[in-house]
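What follows is coords.csv (CSV, C-alpha atoms and all ligand atoms).
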chain,number,residue,atom,x,y,z
A,1,MET,CA,0.0,0.0,0.0
A,2,ASP,CA,1.4,3.5,-0.9
A,3,SER,CA,1.6,6.2,1.8
A,4,ASP,CA,-1.2,8.2,0.1
A,5,ALA,CA,-3.6,5.3,0.8
A,6,LEU,CA,-2.8,5.4,4.5
A,7,THR,CA,-4.2,8.9,4.7
A,8,HIS,CA,-7.3,8.2,2.7
A,9,PRO,CA,-10.5,8.0,4.7
A,10,THR,CA,-11.3,4.4,5.8
A,11,ASP,CA,-14.0,2.7,3.7
A,12,PRO,CA,-16.5,1.7,6.4
A,13,GLN,CA,-17.5,-1.5,4.5
A,14,LEU,CA,-13.9,-2.6,4.1
A,15,ALA,CA,-13.3,-2.1,7.8
A,16,THR,CA,-16.4,-4.1,8.7
A,17,HIS,CA,-15.2,-6.9,6.4
A,18,ALA,CA,-11.7,-6.9,8.0
A,19,LEU,CA,-13.2,-7.2,11.4
A,20,ALA,CA,-15.6,-10.1,10.3
A,21,ASP,CA,-12.5,-11.9,8.9
A,22,ALA,CA,-10.7,-11.3,12.2
A,23,ALA,CA,-13.5,-12.8,14.2
A,24,SER,CA,-13.5,-15.8,11.9
A,25,ALA,CA,-9.8,-16.3,12.2
A,26,ALA,CA,-10.1,-16.0,16.0
A,27,GLY,CA,-12.4,-19.0,15.9
A,28,TYR,CA,-9.4,-21.3,15.4
A,29,ALA,CA,-8.1,-20.3,18.9
A,30,PRO,CA,-7.4,-23.1,21.4
A,31,SER,CA,-9.5,-23.0,24.6
A,32,ILE,CA,-9.8,-25.1,27.7
A,33,HIS,CA,-11.6,-28.3,26.7
A,34,ASN,CA,-12.3,-26.6,23.4
A,35,THR,CA,-15.2,-24.8,25.1
A,36,GLN,CA,-14.8,-21.7,22.8
A,37,PRO,CA,-16.1,-19.4,25.5
A,38,TRP,CA,-16.3,-16.3,23.3
A,39,ARG,CA,-18.8,-14.4,21.2
A,40,TRP,CA,-18.1,-11.4,19.0
A,41,ARG,CA,-20.4,-8.4,18.3
A,42,LEU,CA,-19.6,-6.6,15.1
A,43,ALA,CA,-20.9,-3.0,14.5
A,44,GLY,CA,-19.4,-1.0,11.7
A,45,ASP,CA,-15.7,-0.4,12.6
A,46,THR,CA,-16.0,-1.9,16.1
A,47,LEU,CA,-15.7,-5.5,17.2
A,48,ASP,CA,-16.5,-6.5,20.8
A,49,LEU,CA,-15.3,-9.7,22.4
A,50,HIS,CA,-17.6,-11.1,25.1
A,51,LEU,CA,-17.1,-13.9,27.6
A,52,VAL,CA,-19.9,-16.5,27.4
A,53,ARG,CA,-20.7,-17.4,31.0
A,54,SER,CA,-22.5,-20.7,30.1
A,55,ARG,CA,-19.2,-22.0,28.6
A,56,ILE,CA,-17.2,-21.5,31.8
A,57,LEU,CA,-16.2,-24.8,33.5
A,58,GLN,CA,-18.1,-24.2,36.8
A,59,VAL,CA,-16.2,-27.0,38.6
A,60,SER,CA,-12.6,-26.8,37.2
A,61,ASP,CA,-12.6,-23.1,36.5
A,62,PRO,CA,-15.0,-21.3,38.9
A,63,ASP,CA,-13.1,-18.0,38.7
A,64,ALA,CA,-13.2,-18.1,34.8
A,65,ARG,CA,-9.4,-17.8,34.8
A,66,LEU,CA,-8.9,-20.4,32.0
A,67,ALA,CA,-12.0,-19.2,30.1
A,68,THR,CA,-10.7,-15.6,30.2
A,69,LEU,CA,-7.3,-16.8,29.1
A,70,SER,CA,-8.8,-18.7,26.2
A,71,CYS,CA,-10.7,-15.5,25.1
A,72,GLY,CA,-7.3,-13.8,25.3
A,73,VAL,CA,-5.9,-16.2,22.7
A,74,ALA,CA,-8.9,-15.4,20.4
A,75,LEU,CA,-8.3,-11.7,20.9
A,76,HIS,CA,-4.7,-12.0,19.8
A,77,HIS,CA,-5.7,-14.1,16.8
A,78,ALA,CA,-8.1,-11.3,15.8
A,79,ARG,CA,-5.4,-8.7,16.3
A,80,VAL,CA,-3.1,-10.7,14.1
A,81,ALA,CA,-5.7,-10.9,11.4
A,82,VAL,CA,-6.4,-7.2,11.3
A,83,ALA,CA,-2.7,-6.3,11.3
A,84,ALA,CA,-2.1,-8.8,8.5
A,85,GLN,CA,-4.8,-7.1,6.4
A,86,GLY,CA,-3.2,-3.7,6.8
A,87,TRP,CA,-5.4,-2.0,9.4
A,88,HIS,CA,-4.5,-0.1,12.6
A,89,VAL,CA,-6.8,-0.8,15.5
A,90,THR,CA,-7.1,0.4,19.0
A,91,VAL,CA,-7.8,-2.3,21.6
A,92,THR,CA,-9.6,-1.4,24.8
A,93,ARG,CA,-9.4,-4.2,27.3
A,94,MET,CA,-12.0,-4.7,30.1
A,95,PRO,CA,-14.1,-1.7,29.4
A,96,ARG,CA,-16.1,-2.4,32.6
A,97,ASP,CA,-18.4,0.6,32.3
A,98,ILE,CA,-20.0,-1.2,29.3
A,99,GLY,CA,-20.6,-4.6,31.0
A,100,PRO,CA,-18.8,-7.2,33.0
A,101,ASP,CA,-18.6,-9.8,30.2
A,102,LEU,CA,-17.2,-7.5,27.6
A,103,LEU,CA,-13.5,-8.4,27.6
A,104,ALA,CA,-12.2,-6.2,24.8
A,105,ARG,CA,-13.2,-3.8,22.1
A,106,LEU,CA,-11.3,-3.5,18.8
A,107,HIS,CA,-11.8,-0.3,16.9
A,108,ILE,CA,-10.5,0.3,13.4
A,109,GLU,CA,-8.7,3.7,13.2
A,110,ARG,CA,-7.2,3.7,9.8
A,111,ARG,CA,-5.3,1.8,7.1
A,112,ALA,CA,-1.8,0.8,7.9
A,113,LEU,CA,1.1,-0.9,6.2
A,114,VAL,CA,0.7,-4.7,6.2
A,115,ASP,CA,2.6,-6.2,9.1
A,116,PRO,CA,4.8,-9.1,7.7
A,117,PRO,CA,5.1,-11.0,11.0
A,118,SER,CA,1.3,-10.9,11.3
A,119,VAL,CA,0.9,-12.2,7.8
A,120,LEU,CA,3.1,-15.2,8.8
A,121,HIS,CA,1.1,-15.7,12.1
A,122,LEU,CA,-2.2,-15.5,10.1
A,123,ARG,CA,-1.0,-18.4,8.0
A,124,THR,CA,0.0,-20.3,11.1
A,125,ILE,CA,-3.4,-19.9,12.9
A,126,PRO,CA,-5.2,-22.8,11.2
A,127,LEU,CA,-2.1,-25.0,11.4
A,128,ARG,CA,-1.5,-24.7,15.2
A,129,HIS,CA,-3.0,-27.5,17.2
A,130,THR,CA,-2.5,-29.6,20.4
A,131,ASP,CA,-0.6,-32.8,19.8
A,132,ARG,CA,-0.6,-35.0,22.9
A,133,ARG,CA,1.7,-37.7,21.4
A,134,PRO,CA,5.1,-38.3,23.1
A,135,LEU,CA,8.0,-36.1,21.9
A,136,THR,CA,11.2,-37.1,20.1
A,137,ASP,CA,14.6,-37.0,21.8
A,138,THR,CA,15.5,-33.9,19.8
A,139,PRO,CA,16.1,-31.1,22.3
A,140,VAL,CA,14.3,-27.8,22.0
A,141,ASP,CA,16.5,-25.4,20.1
A,142,PRO,CA,17.6,-22.6,22.5
A,143,ALA,CA,17.0,-20.1,19.7
A,144,ALA,CA,13.4,-21.3,19.4
A,145,LEU,CA,12.9,-21.1,23.2
A,146,ALA,CA,14.3,-17.6,23.1
A,147,ALA,CA,11.9,-16.6,20.3
A,148,ILE,CA,8.9,-18.1,22.2
A,149,THR,CA,9.9,-16.3,25.4
A,150,ALA,CA,10.3,-13.0,23.5
A,151,ALA,CA,6.9,-13.4,21.8
A,152,VAL,CA,5.2,-14.0,25.2
A,153,GLU,CA,7.0,-11.0,26.8
A,154,THR,CA,5.5,-8.6,24.1
A,155,GLN,CA,2.1,-9.3,25.7
A,156,ASP,CA,3.0,-8.1,29.2
A,157,THR,CA,3.4,-11.7,30.4
A,158,ALA,CA,6.5,-13.5,31.6
A,159,LEU,CA,7.7,-17.1,30.8
A,160,HIS,CA,9.7,-19.1,33.3
A,161,THR,CA,11.6,-22.2,32.1
A,162,LEU,CA,11.4,-24.9,34.8
A,163,ARG,CA,14.7,-26.3,36.1
A,164,PRO,CA,15.0,-30.2,36.2
A,165,ASP,CA,14.2,-30.2,39.9
A,166,GLN,CA,11.2,-28.1,39.3
A,167,VAL,CA,10.0,-30.4,36.6
A,168,LEU,CA,9.9,-33.2,39.2
A,169,GLU,CA,7.9,-30.8,41.5
A,170,LEU,CA,5.5,-30.1,38.5
A,171,ALA,CA,5.1,-33.9,38.0
A,172,ALA,CA,4.0,-34.3,41.6
A,173,ALA,CA,1.7,-31.3,41.4
A,174,ALA,CA,0.1,-32.4,38.2
A,175,ASP,CA,-0.4,-35.9,39.7
A,176,TYR,CA,-1.9,-34.5,42.9
A,177,ALA,CA,-4.2,-32.0,41.0
A,178,GLN,CA,-5.6,-34.7,38.7
A,179,ARG,CA,-6.2,-37.1,41.6
A,180,SER,CA,-8.0,-34.5,43.7
A,181,GLU,CA,-10.1,-33.4,40.7
A,182,ALA,CA,-10.9,-36.9,39.6
A,183,ALA,CA,-12.2,-37.7,43.2
A,184,ASP,CA,-15.0,-35.1,42.7
A,185,PRO,CA,-18.1,-36.6,40.8
A,186,ALA,CA,-19.1,-33.1,39.7
A,187,TRP,CA,-15.6,-32.6,38.0
A,188,GLN,CA,-16.0,-36.1,36.4
A,189,ALA,CA,-19.4,-35.1,35.0
A,190,GLU,CA,-18.0,-31.8,33.6
A,191,LEU,CA,-15.1,-33.6,31.9
A,192,ALA,CA,-17.5,-36.3,30.5
A,193,TYR,CA,-19.8,-33.6,29.1
A,194,TRP,CA,-17.0,-31.8,27.2
A,195,THR,CA,-15.5,-35.1,25.9
A,196,GLY,CA,-18.8,-36.9,25.3
A,197,ALA,CA,-21.6,-36.9,22.7
A,198,ALA,CA,-23.8,-34.4,24.5
A,199,ARG,CA,-21.4,-31.5,24.1
A,200,PRO,CA,-22.5,-28.6,21.8
A,201,ALA,CA,-21.8,-29.3,18.1
A,202,GLY,CA,-18.4,-28.1,17.0
A,203,THR,CA,-16.9,-27.9,20.5
A,204,GLY,CA,-15.2,-30.3,23.0
A,205,VAL,CA,-12.3,-32.8,22.9
A,206,PRO,CA,-13.0,-35.7,20.6
A,207,ASP,CA,-11.5,-39.2,21.1
A,208,ALA,CA,-9.4,-38.7,17.9
A,209,VAL,CA,-7.1,-36.4,19.8
A,210,ILE,CA,-7.0,-38.3,23.1
A,211,PRO,CA,-4.1,-40.9,23.4
A,212,ASP,CA,-5.2,-44.5,23.1
A,213,ARG,CA,-3.1,-45.4,26.1
A,214,ALA,CA,-1.2,-43.7,28.9
A,215,THR,CA,1.8,-41.9,27.5
A,216,GLN,CA,5.3,-42.4,29.0
A,217,THR,CA,6.0,-39.1,30.6
A,218,THR,CA,7.6,-37.5,33.6
A,219,VAL,CA,4.8,-35.0,34.0
A,220,PRO,CA,1.4,-36.7,33.6
A,221,GLY,CA,-0.8,-35.1,30.8
A,222,ARG,CA,-4.5,-34.5,31.2
A,223,ASP,CA,-6.4,-37.6,32.2
A,224,PHE,CA,-9.5,-37.4,30.0
A,225,GLY,CA,-11.1,-40.2,32.0
A,226,HIS,CA,-11.1,-42.7,29.1
A,227,ARG,CA,-8.9,-44.0,26.4
A,228,GLY,CA,-9.1,-42.1,23.1
A,229,GLU,CA,-8.2,-43.1,19.6
A,230,LEU,CA,-4.9,-41.2,19.0
A,231,PRO,CA,-2.2,-43.9,18.4
A,232,VAL,CA,0.8,-43.1,20.7
A,233,SER,CA,4.3,-44.7,20.7
A,234,ALA,CA,6.0,-46.0,23.8
A,235,GLU,CA,8.6,-43.1,23.7
A,236,HIS,CA,9.3,-41.2,26.9
A,237,ASP,CA,9.2,-37.5,26.4
A,238,LYS,CA,12.5,-36.9,28.2
A,239,ALA,CA,13.5,-34.0,25.9
A,240,ALA,CA,10.4,-32.0,26.9
A,241,VAL,CA,10.9,-28.5,28.2
A,242,PHE,CA,8.3,-27.2,30.6
A,243,VAL,CA,7.6,-23.5,30.9
A,244,MET,CA,5.1,-21.4,32.9
A,245,LEU,CA,3.3,-18.3,31.9
A,246,TYR,CA,3.1,-15.9,34.8
A,247,GLY,CA,2.5,-12.2,35.6
A,248,ASN,CA,2.3,-9.6,38.3
A,249,THR,CA,-1.4,-9.9,39.2
A,250,ASP,CA,-4.1,-12.6,39.4
A,251,GLU,CA,-7.1,-10.8,38.0
A,252,PRO,CA,-9.1,-10.9,34.7
A,253,LEU,CA,-7.1,-8.4,32.8
A,254,ALA,CA,-3.9,-10.3,33.5
A,255,TRP,CA,-5.6,-13.6,32.4
A,256,LEU,CA,-6.7,-12.0,29.2
A,257,ARG,CA,-3.2,-10.7,28.5
A,258,ALA,CA,-1.8,-14.2,29.4
A,259,GLY,CA,-4.1,-15.6,26.6
A,260,GLU,CA,-2.7,-13.1,24.2
A,261,ALA,CA,0.8,-14.1,25.2
A,262,LEU,CA,-0.1,-17.8,24.8
A,263,SER,CA,-1.3,-17.1,21.3
A,264,ALA,CA,1.9,-15.1,20.4
A,265,GLY,CA,4.1,-17.8,22.0
A,266,TRP,CA,2.2,-20.8,20.4
A,267,LEU,CA,2.2,-19.3,16.9
A,268,THR,CA,5.9,-18.6,17.2
A,269,ALA,CA,6.5,-22.1,18.5
A,270,THR,CA,4.6,-23.6,15.6
A,271,GLU,CA,6.6,-21.5,13.1
A,272,ASN,CA,9.8,-22.9,14.8
A,273,GLY,CA,8.7,-26.6,14.6
A,274,ILE,CA,8.0,-26.8,18.3
A,275,SER,CA,4.9,-28.6,19.6
A,276,VAL,CA,3.0,-27.0,22.6
A,277,VAL,CA,0.7,-28.9,25.0
A,278,PRO,CA,-0.9,-26.8,27.8
A,279,HIS,CA,-1.1,-28.3,31.3
A,280,SER,CA,-3.8,-26.6,33.3
A,281,ALA,CA,-4.6,-29.1,36.0
A,282,PRO,CA,-1.9,-27.8,38.4
A,283,ILE,CA,-3.4,-24.3,37.9
A,284,GLU,CA,-7.0,-25.4,38.5
A,285,VAL,CA,-6.3,-26.7,42.0
A,286,ILE,CA,-5.5,-24.0,44.6
A,287,ALA,CA,-2.9,-26.0,46.5
A,288,THR,CA,-0.9,-26.9,43.4
A,289,ARG,CA,-1.3,-23.4,42.0
A,290,GLN,CA,0.4,-22.2,45.2
A,291,ALA,CA,3.2,-24.8,44.7
A,292,MET,CA,3.6,-23.5,41.1
A,293,ARG,CA,3.9,-20.0,42.5
A,294,ALA,CA,6.7,-21.0,44.8
A,295,MET,CA,8.7,-22.0,41.7
A,296,ILE,CA,8.9,-18.3,40.8
A,297,ALA,CA,9.7,-17.4,44.4
A,298,SER,CA,6.2,-15.9,44.8
A,299,THR,CA,7.3,-13.0,42.5
A,300,GLY,CA,4.2,-13.4,40.4
A,301,TYR,CA,1.1,-15.5,39.8
A,302,PRO,CA,1.1,-18.6,37.5
A,303,TYR,CA,-1.4,-18.8,34.7
A,304,LEU,CA,-0.6,-21.9,32.7
A,305,VAL,CA,2.1,-24.6,32.2
A,306,LEU,CA,3.2,-25.6,28.8
A,307,ARG,CA,5.1,-28.7,27.5
A,308,LEU,CA,7.4,-27.8,24.6
A,309,GLY,CA,9.2,-30.2,22.4
A,310,THR,CA,9.4,-31.7,18.9
A,311,ILE,CA,7.1,-34.3,17.4
A,312,ASP,CA,8.5,-36.8,14.9
A,313,PRO,CA,7.9,-35.1,11.5
A,314,ALA,CA,7.0,-38.6,10.1
A,315,ASP,CA,4.0,-38.6,12.5
A,316,THR,CA,1.8,-36.4,10.4
A,317,GLY,CA,-1.9,-36.3,10.2
A,318,THR,CA,-2.9,-35.6,13.8
A,319,PRO,CA,-6.7,-35.2,13.7
A,320,ARG,CA,-8.0,-31.7,14.5
A,321,THR,CA,-10.7,-30.6,16.9
A,322,SER,CA,-13.9,-28.9,15.5
A,323,ARG,CA,-15.0,-25.4,15.8
A,324,GLN,CA,-18.4,-23.7,15.8
A,325,PRO,CA,-19.3,-22.0,12.5
A,326,ALA,CA,-18.5,-18.3,12.3
A,327,GLU,CA,-22.1,-17.3,12.0
A,328,GLN,CA,-22.8,-18.8,15.4
A,329,ILE,CA,-20.1,-16.8,17.2
A,330,ILE,CA,-20.5,-13.4,15.4
A,331,ASP,CA,-23.5,-11.2,16.1
A,332,ARG,CA,-24.0,-8.3,13.6
A,333,ALA,CA,-25.6,-5.1,14.6
B,1,LIG,C1,-6.3,-22.3,28.8
B,1,LIG,C2,-6.1,-23.7,28.2
B,1,LIG,C3,-5.9,-24.8,29.0
B,1,LIG,C4,-5.7,-26.1,28.4
B,1,LIG,N1,-5.4,-27.2,29.2
B,1,LIG,C5,-5.1,-28.4,28.7
B,1,LIG,C6,-4.7,-29.5,29.5
B,1,LIG,O1,-4.6,-29.4,30.7
B,1,LIG,N2,-4.4,-30.6,28.9
B,1,LIG,C7,-4.5,-30.8,27.5
B,1,LIG,O2,-4.2,-31.9,27.0
B,1,LIG,N3,-4.9,-29.8,26.7
B,1,LIG,C8,-5.2,-28.6,27.3
B,1,LIG,N4,-5.5,-27.5,26.4
B,1,LIG,C9,-5.7,-27.7,25.0
B,1,LIG,C10,-7.1,-27.7,24.6
B,1,LIG,O3,-7.8,-28.9,25.0
B,1,LIG,C11,-7.2,-27.5,23.0
B,1,LIG,O4,-6.7,-26.3,22.7
B,1,LIG,C12,-8.6,-27.6,22.5
B,1,LIG,O5,-9.1,-28.9,22.7
B,1,LIG,C13,-8.6,-27.3,21.0
B,1,LIG,O6,-7.7,-28.1,20.3
B,1,LIG,P1,-6.5,-27.6,19.4
B,1,LIG,O7,-5.6,-26.8,20.3
B,1,LIG,O8,-5.9,-28.8,18.8
B,1,LIG,O9,-7.1,-26.6,18.4
B,1,LIG,C14,-5.7,-26.2,27.0
B,1,LIG,C15,-5.9,-25.1,26.2
B,1,LIG,C16,-6.1,-23.9,26.8
B,1,LIG,C17,-6.3,-22.7,25.9
Could you write out this structure as structure tokens?
Amino acid sequence: MDSDALTHPTDPQLATHALADAASAAGYAPSIHNTQPWRWRLAGDTLDLHLVRSRILQVSDPDARLATLSCGVALHHARVAVAAQGWHVTVTRMPRDIGPDLLARLHIERRALVDPPSVLHLRTIPLRHTDRRPLTDTPVDPAALAAITAAVETQDTALHTLRPDQVLELAAAADYAQRSEAADPAWQAELAYWTGAARPAGTGVPDAVIPDRATQTTVPGRDFGHRGELPVSAEHDKAAVFVMLYGNTDEPLAWLRAGEALSAGWLTATENGISVVPHSAPIEVIATRQAMRAMIASTGYPYLVLRLGTIDPADTGTPRTSRQPAEQIIDRA
């Protein structure tokens, strides 16, 4: 685009189209149990992101920490899409005067130069996915880890790489968290709903992405309560690197920013050939969340743990989870 075009008045219809495309791209965002707890409202040059209360996991996520974080990923995906299309937007987060469930408002200000890193991210958005298979023995490239850390830090969130002794503590915390959650029938019912046939169409975690047997791993992955259909090898993911997203406060704005950071870090990881699997059980349980906090010497609050590593490139074709159609998640004024 030439510099003249940047000063031309914004065509309102083009701006509305760009925001509709952004909300569609945001539909690919990962979310806790693929609940997709977001809804967009599009009005002219303004796009609002709402938290959908009925999609909050009442037992595992009563404070809506992980739901808000999931919405933050969707927000970053939308920001990427508008920047990739050559638009400058202002983002207002948590405009509480308008309503408690309005998490963010994107407002198109003017045309801008197309942002090349955003163009790459936009291509990556539909490719990113959660692959729960064991990792190869190939270590995580330090340059890739540095790029992921830098991407997270651009979103006002920090990333701590766990030391080997802390990985053992994480393993104990993840095990404890899963056992204590699984002992609660209400928690079991919630998980069964989001992994079972009664879940809303286009949401939830299907058997195709759940391992067909327990994987060999130091840190136990999410126990979905039943065996899935994802074939897994007997490899032990000893080359895994575990990192923790954390920040200065433990409140909704910080969780939203952590989601934006998760998006920035995960897209960067995908572009560097690094697989990401979130581990949220140790965050869901108060006692283990406090144990995770101790790992950063109580200098901040933990938001999410991630497993990083490489998947065998020959192991292609991991099935993908579904999404709700765009028309179901975008309301037009
Ligand atoms: C906040 C958050 C927490 C998550 N926690 C876990 C987890 O504990 N274990 C797991 O296997 N996947 C976890 N996931 C991954 C989701 O299940 C996954 O993103 C969702 O099913 C959509 O699949 P996709 O990432 O392949 O698109 C989490 C994702 C998010 C955003």
List the spatial neighbours of Gly300 in chain A as a count of residues only - criterion: any atom at most 7 Å away, all atoms listed in the file, same-chain residues fewer than 5 positions off excluded.
5
Within 9 Å of ligand LIG 1 (chain B), which residues show up when you count only C-alpha atoms and all ligand atoms? List them as a ChimeraX atom specification, please.
/A:28-36,65-73,126-132,203-206,209-210,221-224,259,262-263,276-283,303-306,318-323
I need the residues from that last selection saved to file as a compact mmCIF listing (two decimals), keeping the file's coordinate frame (with C-alpha atoms), if you can.
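Heads up, here's the output in part.txt:
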# COMPACT_ATOMS: atom_id res chain seq x y z
CA TYR A 28 -9.40 -21.30 15.40
CA ALA A 29 -8.10 -20.30 18.90
CA PRO A 30 -7.40 -23.10 21.40
CA SER A 31 -9.50 -23.00 24.60
CA ILE A 32 -9.80 -25.10 27.70
CA HIS A 33 -11.60 -28.30 26.70
CA ASN A 34 -12.30 -26.60 23.40
CA THR A 35 -15.20 -24.80 25.10
CA GLN A 36 -14.80 -21.70 22.80
CA ARG A 65 -9.40 -17.80 34.80
CA LEU A 66 -8.90 -20.40 32.00
CA ALA A 67 -12.00 -19.20 30.10
CA THR A 68 -10.70 -15.60 30.20
CA LEU A 69 -7.30 -16.80 29.10
CA SER A 70 -8.80 -18.70 26.20
CA CYS A 71 -10.70 -15.50 25.10
CA GLY A 72 -7.30 -13.80 25.30
CA VAL A 73 -5.90 -16.20 22.70
CA PRO A 126 -5.20 -22.80 11.20
CA LEU A 127 -2.10 -25.00 11.40
CA ARG A 128 -1.50 -24.70 15.20
CA HIS A 129 -3.00 -27.50 17.20
CA THR A 130 -2.50 -29.60 20.40
CA ASP A 131 -0.60 -32.80 19.80
CA ARG A 132 -0.60 -35.00 22.90
CA THR A 203 -16.90 -27.90 20.50
CA GLY A 204 -15.20 -30.30 23.00
CA VAL A 205 -12.30 -32.80 22.90
CA PRO A 206 -13.00 -35.70 20.60
CA VAL A 209 -7.10 -36.40 19.80
CA ILE A 210 -7.00 -38.30 23.10
CA GLY A 221 -0.80 -35.10 30.80
CA ARG A 222 -4.50 -34.50 31.20
CA ASP A 223 -6.40 -37.60 32.20
CA PHE A 224 -9.50 -37.40 30.00
CA GLY A 259 -4.10 -15.60 26.60
CA LEU A 262 -0.10 -17.80 24.80
CA SER A 263 -1.30 -17.10 21.30
CA VAL A 276 3.00 -27.00 22.60
CA VAL A 277 0.70 -28.90 25.00
CA PRO A 278 -0.90 -26.80 27.80
CA HIS A 279 -1.10 -28.30 31.30
CA SER A 280 -3.80 -26.60 33.30
CA ALA A 281 -4.60 -29.10 36.00
CA PRO A 282 -1.90 -27.80 38.40
CA ILE A 283 -3.40 -24.30 37.90
CA TYR A 303 -1.40 -18.80 34.70
CA LEU A 304 -0.60 -21.90 32.70
CA VAL A 305 2.10 -24.60 32.20
CA LEU A 306 3.20 -25.60 28.80
CA THR A 318 -2.90 -35.60 13.80
CA PRO A 319 -6.70 -35.20 13.70
CA ARG A 320 -8.00 -31.70 14.50
CA THR A 321 -10.70 -30.60 16.90
CA SER A 322 -13.90 -28.90 15.50
CA ARG A 323 -15.00 -25.40 15.80
Please, which residues in range 26-91 of chain A fall within 10 Å of range 168-190 of chain A when counting all atoms listed in the file, and what is the closest atom pair and distance in Å to one decimal for each, ordered by chain then residue number, as a tab-separated table?
residue	atom	partner	partner_atom	distance
A:Leu57	CA	A:Glu190	CA	7.2
A:Gln58	CA	A:Glu190	CA	8.2
A:Val59	CA	A:Trp187	CA	5.7
A:Ser60	CA	A:Trp187	CA	6.6
Kindly export the residues of the current selection with C-alpha atoms, as a PDB file, in the coordinates of the input.
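Final file, out.pdb:
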ATOM      1  CA  LEU A  57     -16.200 -24.800  33.500  1.00  0.00           C
ATOM      2  CA  GLN A  58     -18.100 -24.200  36.800  1.00  0.00           C
ATOM      3  CA  VAL A  59     -16.200 -27.000  38.600  1.00  0.00           C
ATOM      4  CA  SER A  60     -12.600 -26.800  37.200  1.00  0.00           C
TER       5      SER A  60
END
At a cut-off of 6 Å, can you tabulate as JSON lines every residue of range 177-291 of chain A near range 133-139 of chain A together with its closest atom pair and the distance in Å to one decimal, using all atoms listed in the file and ordering rows by chain then number?
{"residue": "A:Val232", "atom": "CA", "partner": "A:Arg133", "partner_atom": "CA", "distance": 5.5}
{"residue": "A:Glu235", "atom": "CA", "partner": "A:Pro134", "partner_atom": "CA", "distance": 6.0}
{"residue": "A:Asp237", "atom": "CA", "partner": "A:Leu135", "partner_atom": "CA", "distance": 4.9}
{"residue": "A:Ala239", "atom": "CA", "partner": "A:Asp137", "partner_atom": "CA", "distance": 5.2}
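Relative to CA of Ile286 in chain A, CA of Ser298 in chain A is found at 14.2 Å.
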How many Å separate CA of Arg123 in chain A from CA of Ala25 in chain A?
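Those two atoms sit 10.0 Å apart.
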Interatomic distance between CA of Ala192 in chain A and CA of Gln328 in chain A?
23.7 Å
For a quick check of understanding, using all atoms listed in the file, which of A:Ala297, A:Pro231, A:Leu120, A:Trp194 has the smallest distance to Ile56 in chain A?
A:Trp194
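Minimum atom-to-atom distance to Gln155 in chain A, evaluated using all atoms listed in the file, belongs to A:Gly265 out of A:Gly265, A:Gly86, A:Gly228, A:Gly196.
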Counting only C-alpha atoms, which of A:Arg96, A:Asp11, A:Ala78, A:Leu49 gets nearest to Ala23 in chain A?
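So, comparing all the options, the nearest one is A:Ala78.
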So, counting only C-alpha atoms, which residue among A:Ala333, A:His226, A:Leu256, A:Val152 is closest to Asp45 in chain A?
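Using only C-alpha atoms, the shortest distance to Asp45 in chain A belongs to A:Ala333.
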Restricting the calculation to only C-alpha atoms: of A:Thr218, A:Gly225, A:Gly99, A:Ala326, which residue gets closest to Asp165 in chain A?
A:Thr218
Name the residues in contact with Thr16 in chain A at a cut-off of 8 Å, using all atoms listed in the file, excluding same-chain residues fewer than 3 positions from it; report them as a PyMOL selection string.
chain A and resi 12-13+19-20+42-46
Please provide as a VMD selection string all residues within 9 Å of Leu159 in chain A, with the sequence filter that same-chain residues fewer than 4 positions apart are discarded (counting all atoms listed in the file).
chain A and resid 148 to 150 152 to 153 243 to 247
Quick one: residues within 8 Å of Asp115 in chain A, only C-alpha atoms, excluding same-chain residues fewer than 4 positions away - as a VMD selection string?
chain A and resid 83 to 86 119
Proximity to Ala234 in chain A - best of A:Pro164, A:Val219, A:Ile330, A:Asp212, all atoms listed in the file:
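Of A:Pro164, A:Val219, A:Ile330, A:Asp212, the one nearest Ala234 in chain A, counting all atoms listed in the file, is A:Asp212.
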